[in-house]
$ cat input.pdb   # PDB, C-alpha atoms, pLDDT in the B column
ATOM      1  CA  MET Q   1     -36.737 -30.871 -42.369  1.00 53.00           C
ATOM      2  CA  ALA Q   2     -34.105 -28.716 -44.055  1.00 61.00           C
ATOM      3  CA  LYS Q   3     -30.618 -29.349 -42.745  1.00 71.00           C
ATOM      4  CA  VAL Q   4     -28.492 -26.315 -42.006  1.00 74.00           C
ATOM      5  CA  ASP Q   5     -24.745 -26.296 -42.520  1.00 71.00           C
ATOM      6  CA  ALA Q   6     -23.158 -23.992 -39.933  1.00 69.00           C
ATOM      7  CA  LYS Q   7     -20.695 -22.803 -42.602  1.00 72.00           C
ATOM      8  CA  GLU Q   8     -23.624 -21.512 -44.660  1.00 72.00           C
ATOM      9  CA  LEU Q   9     -24.742 -19.305 -41.770  1.00 72.00           C
ATOM     10  CA  ASP Q  10     -21.578 -17.218 -42.096  1.00 73.00           C
ATOM     11  CA  LYS Q  11     -22.670 -16.297 -45.634  1.00 72.00           C
ATOM     12  CA  MET Q  12     -25.810 -14.641 -44.257  1.00 72.00           C
ATOM     13  CA  ASN Q  13     -23.535 -12.125 -42.563  1.00 72.00           C
ATOM     14  CA  MET Q  14     -21.399 -11.397 -45.635  1.00 64.00           C
ATOM     15  CA  THR Q  15     -23.838 -11.178 -48.518  1.00 68.00           C
ATOM     16  CA  LYS Q  16     -26.794  -9.023 -49.340  1.00 78.00           C
ATOM     17  CA  LEU Q  17     -29.764 -11.378 -49.547  1.00 78.00           C
ATOM     18  CA  SER Q  18     -33.239 -10.665 -50.794  1.00 84.00           C
ATOM     19  CA  GLY Q  19     -35.941 -10.634 -48.141  1.00 84.00           C
ATOM     20  CA  ALA Q  20     -37.332 -13.916 -49.482  1.00 88.00           C
ATOM     21  CA  SER Q  21     -33.923 -15.619 -49.464  1.00 83.00           C
ATOM     22  CA  LEU Q  22     -33.093 -14.406 -45.961  1.00 83.00           C
ATOM     23  CA  ARG Q  23     -36.531 -15.463 -44.708  1.00 87.00           C
ATOM     24  CA  GLN Q  24     -36.003 -18.976 -46.111  1.00 86.00           C
ATOM     25  CA  LYS Q  25     -32.504 -19.307 -44.606  1.00 84.00           C
ATOM     26  CA  ILE Q  26     -33.766 -18.166 -41.203  1.00 87.00           C
ATOM     27  CA  ALA Q  27     -36.751 -20.534 -41.430  1.00 89.00           C
ATOM     28  CA  ASP Q  28     -34.405 -23.446 -42.249  1.00 86.00           C
ATOM     29  CA  MET Q  29     -32.147 -22.484 -39.341  1.00 86.00           C
ATOM     30  CA  LEU Q  30     -35.055 -22.300 -36.884  1.00 88.00           C
ATOM     31  CA  THR Q  31     -36.485 -25.600 -38.125  1.00 88.00           C
ATOM     32  CA  SER Q  32     -33.090 -27.228 -37.496  1.00 86.00           C
ATOM     33  CA  SER Q  33     -32.722 -25.667 -34.034  1.00 87.00           C
ATOM     34  CA  SER Q  34     -33.802 -26.409 -30.507  1.00 85.00           C
ATOM     35  CA  GLN Q  35     -34.259 -24.063 -27.563  1.00 89.00           C
ATOM     36  CA  CYS Q  36     -34.916 -21.125 -29.909  1.00 91.00           C
ATOM     37  CA  LYS Q  37     -35.706 -17.644 -28.759  1.00 93.00           C
ATOM     38  CA  ALA Q  38     -35.951 -14.224 -30.360  1.00 93.00           C
ATOM     39  CA  ILE Q  39     -34.866 -11.123 -28.467  1.00 94.00           C
ATOM     40  CA  PHE Q  40     -36.207  -7.815 -29.747  1.00 93.00           C
ATOM     41  CA  GLU Q  41     -33.415  -5.357 -28.927  1.00 95.00           C
ATOM     42  CA  CYS Q  42     -34.443  -2.025 -30.398  1.00 95.00           C
ATOM     43  CA  VAL Q  43     -36.224  -0.027 -33.057  1.00 94.00           C
ATOM     44  CA  ASN Q  44     -35.268   3.412 -34.357  1.00 95.00           C
ATOM     45  CA  GLN Q  45     -38.542   5.333 -34.534  1.00 95.00           C
ATOM     46  CA  ASP Q  46     -37.068   7.795 -37.057  1.00 97.00           C
ATOM     47  CA  THR Q  47     -35.691   5.324 -39.604  1.00 97.00           C
ATOM     48  CA  GLY Q  48     -37.649   2.132 -38.892  1.00 95.00           C
ATOM     49  CA  GLU Q  49     -34.388   0.209 -38.473  1.00 94.00           C
ATOM     50  CA  TYR Q  50     -34.693  -2.628 -35.955  1.00 94.00           C
ATOM     51  CA  ARG Q  51     -32.553  -5.319 -34.355  1.00 93.00           C
ATOM     52  CA  ILE Q  52     -33.732  -8.819 -33.447  1.00 92.00           C
ATOM     53  CA  VAL Q  53     -31.346 -11.429 -32.023  1.00 93.00           C
ATOM     54  CA  LEU Q  54     -32.101 -15.116 -32.609  1.00 91.00           C
ATOM     55  CA  GLN Q  55     -30.562 -17.565 -30.179  1.00 92.00           C
ATOM     56  CA  GLY Q  56     -30.727 -21.344 -30.160  1.00 90.00           C
ATOM     57  CA  ILE Q  57     -28.875 -24.587 -30.779  1.00 89.00           C
ATOM     58  CA  ILE Q  58     -28.571 -25.990 -34.309  1.00 85.00           C
ATOM     59  CA  GLU Q  59     -29.264 -29.710 -34.342  1.00 81.00           C
ATOM     60  CA  ASN Q  60     -27.663 -31.322 -37.388  1.00 62.00           C
ATOM     61  CA  SER Q  61     -25.305 -34.103 -38.354  1.00 51.00           C
ATOM     62  CA  THR Q  62     -22.180 -31.938 -37.893  1.00 51.00           C
ATOM     63  CA  ASN Q  63     -22.856 -31.318 -34.143  1.00 45.00           C
TER
END

$ encode --input "input.pdb" --output "C-alpha coordinates"
Amino acid sequence: MAKVDAKELDKMNMTKLSGASLRQKIADMLTSSSQCKAIFECVNQDTGEYRIVLQGIIENSTN
(Lines of atoms letter the chains of each structure in order from A and count residues from 1; the text may use other names and numbers.)
(Lines give C-alpha, C1' and ligand atoms only; values in the text may rest on other atoms or scores of the structure.)
Protein backbone atom coordinates (compact mmCIF):
# COMPACT_ATOMS: atom_id res chain seq x y z
CA MET A 1 0.00 0.00 0.00
CA ALA A 2 1.31 3.45 -0.90
CA LYS A 3 1.82 5.67 2.11
CA VAL A 4 0.58 9.23 1.84
CA ASP A 5 2.34 12.12 3.51
CA ALA A 6 -0.24 14.75 4.49
CA LYS A 7 2.25 17.47 3.50
CA GLU A 8 2.24 16.12 -0.06
CA LEU A 9 -1.53 16.60 -0.28
CA ASP A 10 -1.09 20.37 -0.06
CA LYS A 11 0.94 20.23 -3.29
CA MET A 12 -2.09 18.85 -5.15
CA ASN A 13 -3.80 22.17 -4.46
CA MET A 14 -0.89 24.36 -5.58
CA THR A 15 0.45 22.71 -8.72
CA LYS A 16 -0.97 21.86 -12.08
CA LEU A 17 -0.78 18.08 -12.36
CA SER A 18 -1.37 15.91 -15.37
CA GLY A 19 -4.51 13.79 -15.26
CA ALA A 20 -2.40 10.65 -14.80
CA SER A 21 -0.38 12.17 -11.95
CA LEU A 22 -3.47 13.48 -10.17
CA ARG A 23 -5.24 10.14 -10.62
CA GLN A 24 -2.27 8.32 -9.04
CA LYS A 25 -2.06 10.74 -6.08
CA ILE A 26 -5.79 10.41 -5.44
CA ALA A 27 -5.59 6.61 -5.72
CA ASP A 28 -2.72 6.56 -3.19
CA MET A 29 -4.69 8.82 -0.86
CA LEU A 30 -7.81 6.65 -1.06
CA THR A 31 -5.79 3.47 -0.55
CA SER A 32 -4.30 5.00 2.61
CA SER A 33 -7.69 6.19 3.91
CA SER A 34 -10.58 4.78 5.87
CA GLN A 35 -14.22 5.86 5.94
CA CYS A 36 -13.93 7.31 2.42
CA LYS A 37 -16.77 8.92 0.57
CA ALA A 38 -17.17 10.98 -2.58
CA ILE A 39 -19.75 13.75 -2.77
CA PHE A 40 -20.75 14.89 -6.24
CA GLU A 41 -21.54 18.58 -5.76
CA CYS A 42 -22.29 19.98 -9.20
CA VAL A 43 -21.73 19.98 -12.93
CA ASN A 44 -21.94 22.96 -15.28
CA GLN A 45 -23.88 21.69 -18.29
CA ASP A 46 -22.46 24.48 -20.49
CA THR A 47 -18.75 24.01 -19.76
CA GLY A 48 -18.55 20.44 -18.45
CA GLU A 49 -16.80 21.69 -15.30
CA TYR A 50 -17.62 19.56 -12.25
CA ARG A 51 -16.87 19.42 -8.54
CA ILE A 52 -16.40 16.24 -6.50
CA VAL A 53 -15.46 16.34 -2.81
CA LEU A 54 -13.54 13.41 -1.32
CA GLN A 55 -13.80 12.94 2.42
CA GLY A 56 -12.11 10.39 4.63
CA ILE A 57 -9.42 9.73 7.22
CA ILE A 58 -5.81 9.16 6.15
CA GLU A 59 -4.30 6.24 8.01
CA ASN A 60 -0.51 6.51 8.04
CA SER A 61 2.43 6.55 10.41
CA THR A 62 2.18 10.32 11.03
CA ASN A 63 -1.38 10.10 12.52

$ resolve_selection --input "input.pdb" --expression "the PyMOL selection byres ((chain Q and resi 31) around 10)" --output "count of residues only"
16

$ closest_residue --input "input.pdb" --among "Q:Asp10, Q:Val43, Q:Arg23, Q:Lys37" --to "Gly56 of chain Q" --atoms "all atoms listed in the file"
Q:Lys37

$ closest_residue --input "input.pdb" --among "Q:Leu17, Q:Met12, Q:Leu22, Q:Ile39" --to "Val53 of chain Q" --atoms "only C-alpha atoms"
Q:Ile39

$ axis_aligned_box --input "input.pdb" --around "segment 15-22 of chain Q" --padding-each-side "8 Å" --output "lines of an AutoDock Vina configuration file"
center_x = -30.6
center_y = -12.3
center_z = -48.4
size_x = 29.5
size_y = 22.6
size_z = 20.8

$ atom_distance --input "input.pdb" --atom1 "atom CA of Gln55 of chain Q" --atom2 "atom CA of Phe40 of chain Q"
11.3 Å

$ atom_distance --input "input.pdb" --atom1 "atom CA of Ile52 of chain Q" --atom2 "atom CA of Glu8 of chain Q"
19.7 Å

$ atom_distance --input "input.pdb" --atom1 "atom CA of Gln35 of chain Q" --atom2 "atom CA of Lys7 of chain Q"
20.3 Å
